[in-house]
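Visitor: Input: one structure, supplied below.
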Amino acid sequence: MTVQTSFITSEITLDKESEEPIYQQLIRYFEMNIANGRLQQGTRLPPSRDLARQLGIGRISVVSAYNELQAKGLISAHPGRGTFVNGNENLPMMPYQSTSATSYGNVPNQNIREIMRLAEKPGVISFNSGAPPPDFLPVESFRWAIETVLQRDGVSAISYEDAEGYMPLREVTRDYVTSQGIDCRAENILITGGAQQAIDLVIQSILMPGDILLTANPTYIGVLDIAHVRRVNPVGVPMTSEGIDLRALEDILMEHRPKLLYLNPTFSNPMGVTMPIHRRRQLLRLAEEYNLLILEDAVYHELHFDAPAPLPLKAIDEQGVVIHTSGFSKILLPGTRIGYLIAHKNTVWDRIVHVKQAADICTSSFNQRVVNTYMKHGRLPGHLDHVRHILRQRRDAVVSAAEKYLPEGSPWEVPTGGLYLWVELPKDSPTAAELYMTAVQHGVAYAIGSLFHPNGDGQRTLRINFASHPPEVIQEGFRRFANAWRDFQQQSVERKPLL
Ligand SMILES: Cc1ncc(COP(=O)(O)O)c(C=O)c1O
């Protein structure tokens, strides 16, 4: 890695058309380069007057940036001697771009997550979250539901609840999933702390440390986190444009006889792929033949833009090989942490309930009642129509931005539902992690695709949460991405070893 002990002004790229103030762009440039070690401790920064002149900007912008960097302890001014970099102890470490395509193949996920945290700054258009946008959340309706619950239920609303959940909510959930084709009784529904907890409970109840957990490759990052803390081995099944590759799956089933497959078959996170119904049936046949349980995660099922999603696996599961989970985070309120799990009543069910009791006694009694009241008053369908309408507009915006701004040779598919656009960078390009710093310097961030791969593959992939911004911001974000891409290519050609 080349480090920099003198300062190269030509490397600073400022976007004067951006809405982000110039001084903030400067701060981001310095933070990035201090974090990644290019600007090392002791590097002397140019006097504010000189830097302003060289960059063609007002001196006040440089002074403001230096002041803030000083307040953060990243640089120090020494009267008479100059301004110097202090070092990067106060910042997470970041990889510096390398000319070798595979040089960051084994950057641990933790590092990548810390890098991505650097983008959480005002002025950066961030496409990296996994959450629905805050402007979707029906705050007023929930205010009404909260007051209704408190007035109606009084103290029982804030007491403990059954471990399996508040029965009226289980009943409402049964009616809701019946409308998706799932035939079950309220007794088969366990209310959980979000789908995340449901996944964790199932993994704990079915697998032992050291067991294989099959997932798609790439898969939802939260399941990889659970695998890590529960000490099970995630093994990724390659993805096709129609969901996991069933031939590859069968090879693994024959060889390893794993017990559990976790799958997000509809508008998957991170790829946005949906498994068609005929492949769902094939998958169930394989599961029955090889005695495999499938944990179906359907949190994006309702978020379709064009045609409704195919039937959930649970709706066509005749042999009871599917455990279904979903919740209200992606369609209503992530912070209420209400999800559910649907399974046959058998020994696995008993174990899951036992683990649930051990984990948290019960899911918040109050929040269960609030969601139940909201659902009972029939407010969800109208809210979902509204959310889908806005998501469709944002999807259209991301498609036109991708057509206009993504580099040639970057395959991507038009999302038909969910929150994400999945992009592959051209084969000979920098990795998504390498490009990331330049992108953030240009004021745009994305989720680095290798995070979603159990084996660290997918170095040249990235995920865009297009739901998080209105159309004009999506356009601007992609414009910045295109600038970053151009800049990175240019820097790679121009950069010479400095020492
Ligand atoms: C595929 C998938 N499953 C589960 C979750 C977590 O859902 P919840 O908030 O209901 O725990 C997420 C959140 O990003 C997700 O993308």
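Every chain in the structure tokens has a letter given in the order shown (A, B, ...), and although residue numbers restart at 1 in each chain, ligands are simply numbered from 1 in the order shown.
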Using only C-alpha atoms and all ligand atoms, which residues of the polymer chains come no farther than 9 Å from ligand 1? I'd like the answer as a PDB file with all heavy atoms, in the first residue's frame.
Guide:
```pdb
ATOM      1  N   SER A 129     -28.940   1.206   3.596  1.00  0.00           N
ATOM      2  CA  SER A 129     -29.678   0.608   4.711  1.00  0.00           C
ATOM      3  C   SER A 129     -30.567  -0.542   4.224  1.00  0.00           C
ATOM      4  O   SER A 129     -30.809  -0.704   3.037  1.00  0.00           O
ATOM      5  CB  SER A 129     -30.544   1.665   5.395  1.00  0.00           C
ATOM      6  OG  SER A 129     -31.852   1.597   4.913  1.00  0.00           O
ATOM      7  N   GLY A 130     -31.070  -1.312   5.181  1.00  0.00           N
ATOM      8  CA  GLY A 130     -31.995  -2.397   4.833  1.00  0.00           C
ATOM      9  C   GLY A 130     -33.391  -2.070   5.305  1.00  0.00           C
ATOM     10  O   GLY A 130     -34.265  -2.924   5.311  1.00  0.00           O
ATOM     11  N   ALA A 131     -33.592  -0.833   5.706  1.00  0.00           N
ATOM     12  CA  ALA A 131     -34.866  -0.488   6.350  1.00  0.00           C
ATOM     13  C   ALA A 131     -35.817   0.185   5.370  1.00  0.00           C
ATOM     14  O   ALA A 131     -35.379   0.799   4.394  1.00  0.00           O
ATOM     15  CB  ALA A 131     -34.578   0.461   7.510  1.00  0.00           C
ATOM     16  N   PRO A 132     -37.120   0.104   5.665  1.00  0.00           N
ATOM     17  CA  PRO A 132     -38.050   0.923   4.884  1.00  0.00           C
ATOM     18  C   PRO A 132     -37.831   2.390   5.249  1.00  0.00           C
ATOM     19  O   PRO A 132     -37.409   2.668   6.373  1.00  0.00           O
ATOM     20  CB  PRO A 132     -39.430   0.441   5.340  1.00  0.00           C
ATOM     21  CG  PRO A 132     -39.214  -0.196   6.661  1.00  0.00           C
ATOM     22  CD  PRO A 132     -37.787  -0.644   6.726  1.00  0.00           C
ATOM     23  N   THR A 192     -43.167 -13.187  17.522  1.00  0.00           N
ATOM     24  CA  THR A 192     -41.741 -13.074  17.859  1.00  0.00           C
ATOM     25  C   THR A 192     -41.290 -11.604  17.834  1.00  0.00           C
ATOM     26  O   THR A 192     -42.018 -10.739  17.347  1.00  0.00           O
ATOM     27  CB  THR A 192     -40.897 -13.846  16.815  1.00  0.00           C
ATOM     28  OG1 THR A 192     -41.183 -13.297  15.524  1.00  0.00           O
ATOM     29  CG2 THR A 192     -41.223 -15.322  16.826  1.00  0.00           C
ATOM     30  N   GLY A 193     -40.113 -11.385  18.331  1.00  0.00           N
ATOM     31  CA  GLY A 193     -39.514 -10.053  18.277  1.00  0.00           C
ATOM     32  C   GLY A 193     -38.941  -9.827  16.885  1.00  0.00           C
ATOM     33  O   GLY A 193     -37.732  -9.907  16.672  1.00  0.00           O
ATOM     34  N   GLY A 194     -39.816  -9.578  15.921  1.00  0.00           N
ATOM     35  CA  GLY A 194     -39.395  -9.409  14.529  1.00  0.00           C
ATOM     36  C   GLY A 194     -39.085 -10.759  13.897  1.00  0.00           C
ATOM     37  O   GLY A 194     -38.969 -11.784  14.585  1.00  0.00           O
ATOM     38  N   ALA A 195     -38.963 -10.740  12.568  1.00  0.00           N
ATOM     39  CA  ALA A 195     -38.577 -11.962  11.862  1.00  0.00           C
ATOM     40  C   ALA A 195     -37.170 -12.381  12.294  1.00  0.00           C
ATOM     41  O   ALA A 195     -36.832 -13.566  12.299  1.00  0.00           O
ATOM     42  CB  ALA A 195     -38.626 -11.728  10.359  1.00  0.00           C
ATOM     43  N   GLN A 196     -36.375 -11.397  12.659  1.00  0.00           N
ATOM     44  CA  GLN A 196     -35.001 -11.711  13.066  1.00  0.00           C
ATOM     45  C   GLN A 196     -34.990 -12.705  14.229  1.00  0.00           C
ATOM     46  O   GLN A 196     -34.239 -13.677  14.238  1.00  0.00           O
ATOM     47  CB  GLN A 196     -34.284 -10.405  13.474  1.00  0.00           C
ATOM     48  CG  GLN A 196     -32.822 -10.559  13.835  1.00  0.00           C
ATOM     49  CD  GLN A 196     -31.935 -10.812  12.630  1.00  0.00           C
ATOM     50  OE1 GLN A 196     -32.353 -10.640  11.482  1.00  0.00           O
ATOM     51  NE2 GLN A 196     -30.710 -11.239  12.877  1.00  0.00           N
ATOM     52  N   GLN A 197     -35.844 -12.456  15.220  1.00  0.00           N
ATOM     53  CA  GLN A 197     -35.862 -13.387  16.349  1.00  0.00           C
ATOM     54  C   GLN A 197     -36.399 -14.753  15.908  1.00  0.00           C
ATOM     55  O   GLN A 197     -35.908 -15.793  16.365  1.00  0.00           O
ATOM     56  CB  GLN A 197     -36.710 -12.858  17.518  1.00  0.00           C
ATOM     57  CG  GLN A 197     -36.556 -13.766  18.720  1.00  0.00           C
ATOM     58  CD  GLN A 197     -37.493 -13.439  19.871  1.00  0.00           C
ATOM     59  OE1 GLN A 197     -38.672 -13.162  19.676  1.00  0.00           O
ATOM     60  NE2 GLN A 197     -36.951 -13.469  21.078  1.00  0.00           N
ATOM     61  N   ALA A 198     -37.384 -14.739  15.012  1.00  0.00           N
ATOM     62  CA  ALA A 198     -37.923 -16.021  14.548  1.00  0.00           C
ATOM     63  C   ALA A 198     -36.804 -16.858  13.918  1.00  0.00           C
ATOM     64  O   ALA A 198     -36.689 -18.063  14.175  1.00  0.00           O
ATOM     65  CB  ALA A 198     -39.044 -15.772  13.549  1.00  0.00           C
ATOM     66  N   ILE A 199     -35.967 -16.225  13.113  1.00  0.00           N
ATOM     67  CA  ILE A 199     -34.869 -16.958  12.452  1.00  0.00           C
ATOM     68  C   ILE A 199     -33.930 -17.530  13.513  1.00  0.00           C
ATOM     69  O   ILE A 199     -33.517 -18.694  13.470  1.00  0.00           O
ATOM     70  CB  ILE A 199     -34.094 -16.029  11.483  1.00  0.00           C
ATOM     71  CG1 ILE A 199     -35.027 -15.460  10.411  1.00  0.00           C
ATOM     72  CG2 ILE A 199     -32.927 -16.766  10.842  1.00  0.00           C
ATOM     73  CD1 ILE A 199     -34.429 -14.299   9.609  1.00  0.00           C
ATOM     74  N   THR A 219     -27.040 -13.929   0.635  1.00  0.00           N
ATOM     75  CA  THR A 219     -28.197 -14.052   1.506  1.00  0.00           C
ATOM     76  C   THR A 219     -28.328 -12.830   2.414  1.00  0.00           C
ATOM     77  O   THR A 219     -27.447 -11.970   2.450  1.00  0.00           O
ATOM     78  CB  THR A 219     -28.073 -15.334   2.354  1.00  0.00           C
ATOM     79  OG1 THR A 219     -29.285 -15.533   3.093  1.00  0.00           O
ATOM     80  CG2 THR A 219     -26.936 -15.238   3.376  1.00  0.00           C
ATOM     81  N   TYR A 220     -29.426 -12.809   3.146  1.00  0.00           N
ATOM     82  CA  TYR A 220     -29.663 -11.743   4.131  1.00  0.00           C
ATOM     83  C   TYR A 220     -28.552 -11.758   5.187  1.00  0.00           C
ATOM     84  O   TYR A 220     -28.248 -12.799   5.765  1.00  0.00           O
ATOM     85  CB  TYR A 220     -31.046 -11.993   4.753  1.00  0.00           C
ATOM     86  CG  TYR A 220     -31.348 -11.232   6.005  1.00  0.00           C
ATOM     87  CD1 TYR A 220     -31.137  -9.863   6.084  1.00  0.00           C
ATOM     88  CD2 TYR A 220     -31.862 -11.882   7.122  1.00  0.00           C
ATOM     89  CE1 TYR A 220     -31.424  -9.172   7.242  1.00  0.00           C
ATOM     90  CE2 TYR A 220     -32.162 -11.192   8.279  1.00  0.00           C
ATOM     91  CZ  TYR A 220     -31.934  -9.835   8.339  1.00  0.00           C
ATOM     92  OH  TYR A 220     -32.213  -9.150   9.488  1.00  0.00           O
ATOM     93  N   ILE A 221     -27.997 -10.606   5.429  1.00  0.00           N
ATOM     94  CA  ILE A 221     -26.830 -10.529   6.314  1.00  0.00           C
ATOM     95  C   ILE A 221     -27.174 -10.908   7.762  1.00  0.00           C
ATOM     96  O   ILE A 221     -26.348 -11.461   8.494  1.00  0.00           O
ATOM     97  CB  ILE A 221     -26.212  -9.114   6.230  1.00  0.00           C
ATOM     98  CG1 ILE A 221     -24.865  -9.083   6.886  1.00  0.00           C
ATOM     99  CG2 ILE A 221     -27.114  -8.082   6.838  1.00  0.00           C
ATOM    100  CD1 ILE A 221     -24.144  -7.780   6.639  1.00  0.00           C
ATOM    101  N   GLY A 222     -28.427 -10.641   8.163  1.00  0.00           N
ATOM    102  CA  GLY A 222     -28.824 -10.935   9.539  1.00  0.00           C
ATOM    103  C   GLY A 222     -28.750 -12.417   9.851  1.00  0.00           C
ATOM    104  O   GLY A 222     -28.498 -12.817  10.986  1.00  0.00           O
ATOM    105  N   VAL A 223     -28.940 -13.261   8.838  1.00  0.00           N
ATOM    106  CA  VAL A 223     -28.877 -14.696   9.093  1.00  0.00           C
ATOM    107  C   VAL A 223     -27.412 -15.113   9.257  1.00  0.00           C
ATOM    108  O   VAL A 223     -27.098 -16.036  10.011  1.00  0.00           O
ATOM    109  CB  VAL A 223     -29.619 -15.484   7.986  1.00  0.00           C
ATOM    110  CG1 VAL A 223     -28.790 -15.683   6.759  1.00  0.00           C
ATOM    111  CG2 VAL A 223     -30.055 -16.826   8.514  1.00  0.00           C
ATOM    112  N   LEU A 263     -34.247 -19.450   3.526  1.00  0.00           N
ATOM    113  CA  LEU A 263     -34.479 -18.889   2.192  1.00  0.00           C
ATOM    114  C   LEU A 263     -35.420 -17.695   2.232  1.00  0.00           C
ATOM    115  O   LEU A 263     -36.368 -17.682   3.007  1.00  0.00           O
ATOM    116  CB  LEU A 263     -35.139 -19.975   1.331  1.00  0.00           C
ATOM    117  CG  LEU A 263     -34.841 -19.926  -0.150  1.00  0.00           C
ATOM    118  CD1 LEU A 263     -33.357 -19.998  -0.400  1.00  0.00           C
ATOM    119  CD2 LEU A 263     -35.539 -21.110  -0.824  1.00  0.00           C
ATOM    120  N   ASN A 264     -35.143 -16.734   1.391  1.00  0.00           N
ATOM    121  CA  ASN A 264     -35.955 -15.532   1.258  1.00  0.00           C
ATOM    122  C   ASN A 264     -36.461 -15.558  -0.192  1.00  0.00           C
ATOM    123  O   ASN A 264     -35.896 -14.914  -1.052  1.00  0.00           O
ATOM    124  CB  ASN A 264     -34.971 -14.370   1.526  1.00  0.00           C
ATOM    125  CG  ASN A 264     -35.565 -13.016   1.594  1.00  0.00           C
ATOM    126  OD1 ASN A 264     -34.862 -12.050   1.372  1.00  0.00           O
ATOM    127  ND2 ASN A 264     -36.830 -12.923   1.871  1.00  0.00           N
ATOM    128  N   PHE A 267     -38.676 -11.527  -3.653  1.00  0.00           N
ATOM    129  CA  PHE A 267     -38.015 -10.205  -3.641  1.00  0.00           C
ATOM    130  C   PHE A 267     -36.851 -10.235  -2.639  1.00  0.00           C
ATOM    131  O   PHE A 267     -36.780  -9.449  -1.708  1.00  0.00           O
ATOM    132  CB  PHE A 267     -39.013  -9.095  -3.283  1.00  0.00           C
ATOM    133  CG  PHE A 267     -40.287  -9.163  -4.056  1.00  0.00           C
ATOM    134  CD1 PHE A 267     -41.517  -9.037  -3.429  1.00  0.00           C
ATOM    135  CD2 PHE A 267     -40.266  -9.381  -5.426  1.00  0.00           C
ATOM    136  CE1 PHE A 267     -42.705  -9.124  -4.154  1.00  0.00           C
ATOM    137  CE2 PHE A 267     -41.451  -9.467  -6.165  1.00  0.00           C
ATOM    138  CZ  PHE A 267     -42.665  -9.338  -5.523  1.00  0.00           C
ATOM    139  N   SER A 268     -35.955 -11.164  -2.875  1.00  0.00           N
ATOM    140  CA  SER A 268     -34.952 -11.515  -1.861  1.00  0.00           C
ATOM    141  C   SER A 268     -34.048 -10.344  -1.499  1.00  0.00           C
ATOM    142  O   SER A 268     -33.820  -9.439  -2.300  1.00  0.00           O
ATOM    143  CB  SER A 268     -34.093 -12.656  -2.392  1.00  0.00           C
ATOM    144  OG  SER A 268     -33.258 -12.184  -3.433  1.00  0.00           O
ATOM    145  N   ASN A 269     -33.571 -10.403  -0.310  1.00  0.00           N
ATOM    146  CA  ASN A 269     -32.517  -9.513   0.154  1.00  0.00           C
ATOM    147  C   ASN A 269     -31.233 -10.326   0.085  1.00  0.00           C
ATOM    148  O   ASN A 269     -31.156 -11.372   0.728  1.00  0.00           O
ATOM    149  CB  ASN A 269     -32.818  -9.099   1.606  1.00  0.00           C
ATOM    150  CG  ASN A 269     -31.789  -8.145   2.154  1.00  0.00           C
ATOM    151  OD1 ASN A 269     -30.862  -7.761   1.461  1.00  0.00           O
ATOM    152  ND2 ASN A 269     -31.941  -7.776   3.409  1.00  0.00           N
ATOM    153  N   PRO A 270     -30.203  -9.937  -0.670  1.00  0.00           N
ATOM    154  CA  PRO A 270     -30.024  -8.626  -1.280  1.00  0.00           C
ATOM    155  C   PRO A 270     -30.371  -8.540  -2.766  1.00  0.00           C
ATOM    156  O   PRO A 270     -30.335  -7.446  -3.317  1.00  0.00           O
ATOM    157  CB  PRO A 270     -28.523  -8.411  -1.126  1.00  0.00           C
ATOM    158  CG  PRO A 270     -27.939  -9.776  -1.325  1.00  0.00           C
ATOM    159  CD  PRO A 270     -28.936 -10.725  -0.702  1.00  0.00           C
ATOM    160  N   ASP A 297     -38.422 -17.062   4.753  1.00  0.00           N
ATOM    161  CA  ASP A 297     -38.491 -15.690   5.273  1.00  0.00           C
ATOM    162  C   ASP A 297     -39.219 -14.852   4.219  1.00  0.00           C
ATOM    163  O   ASP A 297     -38.714 -14.666   3.115  1.00  0.00           O
ATOM    164  CB  ASP A 297     -37.051 -15.193   5.502  1.00  0.00           C
ATOM    165  CG  ASP A 297     -36.993 -13.761   5.987  1.00  0.00           C
ATOM    166  OD1 ASP A 297     -37.993 -13.034   5.840  1.00  0.00           O
ATOM    167  OD2 ASP A 297     -35.925 -13.362   6.490  1.00  0.00           O
ATOM    168  N   ALA A 298     -40.395 -14.356   4.597  1.00  0.00           N
ATOM    169  CA  ALA A 298     -41.250 -13.693   3.594  1.00  0.00           C
ATOM    170  C   ALA A 298     -41.465 -12.215   3.911  1.00  0.00           C
ATOM    171  O   ALA A 298     -42.519 -11.663   3.625  1.00  0.00           O
ATOM    172  CB  ALA A 298     -42.582 -14.431   3.528  1.00  0.00           C
ATOM    173  N   VAL A 299     -40.446 -11.563   4.480  1.00  0.00           N
ATOM    174  CA  VAL A 299     -40.694 -10.190   4.941  1.00  0.00           C
ATOM    175  C   VAL A 299     -41.000  -9.188   3.819  1.00  0.00           C
ATOM    176  O   VAL A 299     -41.532  -8.124   4.082  1.00  0.00           O
ATOM    177  CB  VAL A 299     -39.540  -9.633   5.824  1.00  0.00           C
ATOM    178  CG1 VAL A 299     -39.433 -10.367   7.128  1.00  0.00           C
ATOM    179  CG2 VAL A 299     -38.226  -9.612   5.081  1.00  0.00           C
ATOM    180  N   TYR A 300     -40.645  -9.539   2.569  1.00  0.00           N
ATOM    181  CA  TYR A 300     -40.923  -8.584   1.480  1.00  0.00           C
ATOM    182  C   TYR A 300     -42.116  -8.997   0.613  1.00  0.00           C
ATOM    183  O   TYR A 300     -42.366  -8.387  -0.426  1.00  0.00           O
ATOM    184  CB  TYR A 300     -39.677  -8.436   0.580  1.00  0.00           C
ATOM    185  CG  TYR A 300     -38.486  -7.909   1.341  1.00  0.00           C
ATOM    186  CD1 TYR A 300     -37.437  -8.751   1.706  1.00  0.00           C
ATOM    187  CD2 TYR A 300     -38.420  -6.581   1.747  1.00  0.00           C
ATOM    188  CE1 TYR A 300     -36.359  -8.276   2.435  1.00  0.00           C
ATOM    189  CE2 TYR A 300     -37.351  -6.105   2.480  1.00  0.00           C
ATOM    190  CZ  TYR A 300     -36.320  -6.948   2.818  1.00  0.00           C
ATOM    191  OH  TYR A 300     -35.272  -6.476   3.541  1.00  0.00           O
ATOM    192  N   THR A 325     -41.711 -17.463   8.268  1.00  0.00           N
ATOM    193  CA  THR A 325     -41.623 -16.282   9.130  1.00  0.00           C
ATOM    194  C   THR A 325     -41.827 -15.020   8.311  1.00  0.00           C
ATOM    195  O   THR A 325     -41.499 -14.956   7.124  1.00  0.00           O
ATOM    196  CB  THR A 325     -40.295 -16.195   9.901  1.00  0.00           C
ATOM    197  OG1 THR A 325     -40.335 -15.024  10.719  1.00  0.00           O
ATOM    198  CG2 THR A 325     -39.102 -16.098   8.982  1.00  0.00           C
ATOM    199  N   SER A 326     -42.414 -14.050   8.959  1.00  0.00           N
ATOM    200  CA  SER A 326     -42.528 -12.724   8.373  1.00  0.00           C
ATOM    201  C   SER A 326     -42.802 -11.761   9.526  1.00  0.00           C
ATOM    202  O   SER A 326     -42.622 -12.124  10.689  1.00  0.00           O
ATOM    203  CB  SER A 326     -43.639 -12.689   7.323  1.00  0.00           C
ATOM    204  OG  SER A 326     -43.575 -11.466   6.623  1.00  0.00           O
ATOM    205  N   GLY A 327     -43.214 -10.561   9.201  1.00  0.00           N
ATOM    206  CA  GLY A 327     -43.448  -9.627  10.293  1.00  0.00           C
ATOM    207  C   GLY A 327     -43.945  -8.306   9.758  1.00  0.00           C
ATOM    208  O   GLY A 327     -44.273  -8.182   8.574  1.00  0.00           O
ATOM    209  N   PHE A 328     -43.976  -7.339  10.637  1.00  0.00           N
ATOM    210  CA  PHE A 328     -44.572  -6.049  10.269  1.00  0.00           C
ATOM    211  C   PHE A 328     -43.511  -4.957  10.080  1.00  0.00           C
ATOM    212  O   PHE A 328     -43.843  -3.794   9.921  1.00  0.00           O
ATOM    213  CB  PHE A 328     -45.609  -5.651  11.320  1.00  0.00           C
ATOM    214  CG  PHE A 328     -46.709  -6.678  11.428  1.00  0.00           C
ATOM    215  CD1 PHE A 328     -46.724  -7.615  12.450  1.00  0.00           C
ATOM    216  CD2 PHE A 328     -47.701  -6.740  10.461  1.00  0.00           C
ATOM    217  CE1 PHE A 328     -47.720  -8.586  12.517  1.00  0.00           C
ATOM    218  CE2 PHE A 328     -48.698  -7.709  10.512  1.00  0.00           C
ATOM    219  CZ  PHE A 328     -48.708  -8.636  11.552  1.00  0.00           C
ATOM    220  N   SER A 329     -42.225  -5.351  10.080  1.00  0.00           N
ATOM    221  CA  SER A 329     -41.172  -4.337   9.984  1.00  0.00           C
ATOM    222  C   SER A 329     -41.127  -3.658   8.631  1.00  0.00           C
ATOM    223  O   SER A 329     -40.993  -2.443   8.540  1.00  0.00           O
ATOM    224  CB  SER A 329     -39.798  -4.966  10.228  1.00  0.00           C
ATOM    225  OG  SER A 329     -39.673  -5.348  11.556  1.00  0.00           O
ATOM    226  N   LYS A 330     -41.168  -4.452   7.561  1.00  0.00           N
ATOM    227  CA  LYS A 330     -40.955  -3.875   6.232  1.00  0.00           C
ATOM    228  C   LYS A 330     -42.216  -3.210   5.702  1.00  0.00           C
ATOM    229  O   LYS A 330     -42.150  -2.406   4.785  1.00  0.00           O
ATOM    230  CB  LYS A 330     -40.487  -4.957   5.248  1.00  0.00           C
ATOM    231  CG  LYS A 330     -39.262  -5.700   5.700  1.00  0.00           C
ATOM    232  CD  LYS A 330     -38.042  -4.824   5.801  1.00  0.00           C
ATOM    233  CE  LYS A 330     -36.878  -5.585   6.387  1.00  0.00           C
ATOM    234  NZ  LYS A 330     -35.720  -4.744   6.684  1.00  0.00           N
ATOM    235  N   LEU A 333     -43.981  -0.929  10.843  1.00  0.00           N
ATOM    236  CA  LEU A 333     -43.107  -0.225  11.776  1.00  0.00           C
ATOM    237  C   LEU A 333     -41.978  -1.135  12.249  1.00  0.00           C
ATOM    238  O   LEU A 333     -42.222  -2.028  13.053  1.00  0.00           O
ATOM    239  CB  LEU A 333     -43.902   0.181  13.024  1.00  0.00           C
ATOM    240  CG  LEU A 333     -45.008   1.206  12.886  1.00  0.00           C
ATOM    241  CD1 LEU A 333     -45.645   1.439  14.224  1.00  0.00           C
ATOM    242  CD2 LEU A 333     -44.463   2.511  12.343  1.00  0.00           C
ATOM    243  N   PRO A 334     -40.745  -0.919  11.798  1.00  0.00           N
ATOM    244  CA  PRO A 334     -39.657  -1.801  12.223  1.00  0.00           C
ATOM    245  C   PRO A 334     -39.433  -1.758  13.739  1.00  0.00           C
ATOM    246  O   PRO A 334     -39.089  -2.753  14.357  1.00  0.00           O
ATOM    247  CB  PRO A 334     -38.431  -1.276  11.481  1.00  0.00           C
ATOM    248  CG  PRO A 334     -38.869  -0.144  10.640  1.00  0.00           C
ATOM    249  CD  PRO A 334     -40.322   0.099  10.844  1.00  0.00           C
ATOM    250  N   GLY A 335     -39.671  -0.588  14.332  1.00  0.00           N
ATOM    251  CA  GLY A 335     -39.330  -0.420  15.753  1.00  0.00           C
ATOM    252  C   GLY A 335     -40.271  -1.131  16.709  1.00  0.00           C
ATOM    253  O   GLY A 335     -39.942  -1.289  17.884  1.00  0.00           O
ATOM    254  N   THR A 336     -41.438  -1.561  16.256  1.00  0.00           N
ATOM    255  CA  THR A 336     -42.321  -2.273  17.190  1.00  0.00           C
ATOM    256  C   THR A 336     -41.810  -3.679  17.447  1.00  0.00           C
ATOM    257  O   THR A 336     -42.216  -4.319  18.408  1.00  0.00           O
ATOM    258  CB  THR A 336     -43.767  -2.385  16.646  1.00  0.00           C
ATOM    259  OG1 THR A 336     -43.694  -2.888  15.335  1.00  0.00           O
ATOM    260  CG2 THR A 336     -44.488  -1.070  16.667  1.00  0.00           C
ATOM    261  N   ARG A 337     -40.948  -4.186  16.565  1.00  0.00           N
ATOM    262  CA  ARG A 337     -40.356  -5.519  16.683  1.00  0.00           C
ATOM    263  C   ARG A 337     -41.420  -6.596  16.832  1.00  0.00           C
ATOM    264  O   ARG A 337     -41.373  -7.421  17.760  1.00  0.00           O
ATOM    265  CB  ARG A 337     -39.352  -5.614  17.869  1.00  0.00           C
ATOM    266  CG  ARG A 337     -38.318  -4.551  17.940  1.00  0.00           C
ATOM    267  CD  ARG A 337     -37.474  -4.422  16.690  1.00  0.00           C
ATOM    268  NE  ARG A 337     -36.812  -5.661  16.298  1.00  0.00           N
ATOM    269  CZ  ARG A 337     -36.856  -6.142  15.042  1.00  0.00           C
ATOM    270  NH1 ARG A 337     -37.513  -5.499  14.077  1.00  0.00           N
ATOM    271  NH2 ARG A 337     -36.227  -7.253  14.744  1.00  0.00           N
ATOM    272  N   ILE A 338     -42.380  -6.592  15.941  1.00  0.00           N
ATOM    273  CA  ILE A 338     -43.392  -7.649  15.939  1.00  0.00           C
ATOM    274  C   ILE A 338     -43.246  -8.460  14.655  1.00  0.00           C
ATOM    275  O   ILE A 338     -43.391  -7.928  13.554  1.00  0.00           O
ATOM    276  CB  ILE A 338     -44.832  -7.084  16.022  1.00  0.00           C
ATOM    277  CG1 ILE A 338     -45.011  -6.202  17.261  1.00  0.00           C
ATOM    278  CG2 ILE A 338     -45.853  -8.234  16.027  1.00  0.00           C
ATOM    279  CD1 ILE A 338     -45.011  -6.913  18.571  1.00  0.00           C
ATOM    280  N   GLY A 339     -42.956  -9.739  14.847  1.00  0.00           N
ATOM    281  CA  GLY A 339     -42.906 -10.657  13.717  1.00  0.00           C
ATOM    282  C   GLY A 339     -43.673 -11.915  14.097  1.00  0.00           C
ATOM    283  O   GLY A 339     -44.231 -11.996  15.200  1.00  0.00           O
ATOM    284  N   TYR A 340     -43.691 -12.875  13.196  1.00  0.00           N
ATOM    285  CA  TYR A 340     -44.360 -14.128  13.544  1.00  0.00           C
ATOM    286  C   TYR A 340     -43.717 -15.297  12.823  1.00  0.00           C
ATOM    287  O   TYR A 340     -43.002 -15.120  11.831  1.00  0.00           O
ATOM    288  CB  TYR A 340     -45.863 -14.062  13.231  1.00  0.00           C
ATOM    289  CG  TYR A 340     -46.196 -13.620  11.817  1.00  0.00           C
ATOM    290  CD1 TYR A 340     -46.259 -14.537  10.778  1.00  0.00           C
ATOM    291  CD2 TYR A 340     -46.436 -12.274  11.547  1.00  0.00           C
ATOM    292  CE1 TYR A 340     -46.558 -14.127   9.492  1.00  0.00           C
ATOM    293  CE2 TYR A 340     -46.736 -11.859  10.248  1.00  0.00           C
ATOM    294  CZ  TYR A 340     -46.791 -12.784   9.220  1.00  0.00           C
ATOM    295  OH  TYR A 340     -47.082 -12.383   7.948  1.00  0.00           O
TER     296      TYR A 340
END
```
Visitor: I'd like the contact shell of Asp175 in chain A - 12 Å cut-off, only C-alpha atoms, skipping same-chain residues fewer than 2 positions apart - returned as a list in words.
Guide: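 So, after excluding close chain neighbours, the residues are Pro168, Leu169, Arg170, Glu171, Val172, Thr173, Val177, Thr178, Ser179, Gln180, Gly181, Ile182, Asp183, Cys184, Arg185, Ala186, Ile189, Asn372, Met375, Lys376 and Gly378 of chain A.
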Visitor: Quick one: residues within 8 Å of Asn86 in chain A, only C-alpha atoms counted, chain neighbours fewer than 4 positions away excluded, as an MDAnalysis selection string?
Guide: chainID A and resid 40:42 73:76
Visitor: For Leu190 in chain A, please output as number ranges by chain all residues within 7 Å (counting only C-alpha atoms; exclusion window: fewer than 6 positions along the same chain).
Guide: A: 164-165, 340-342
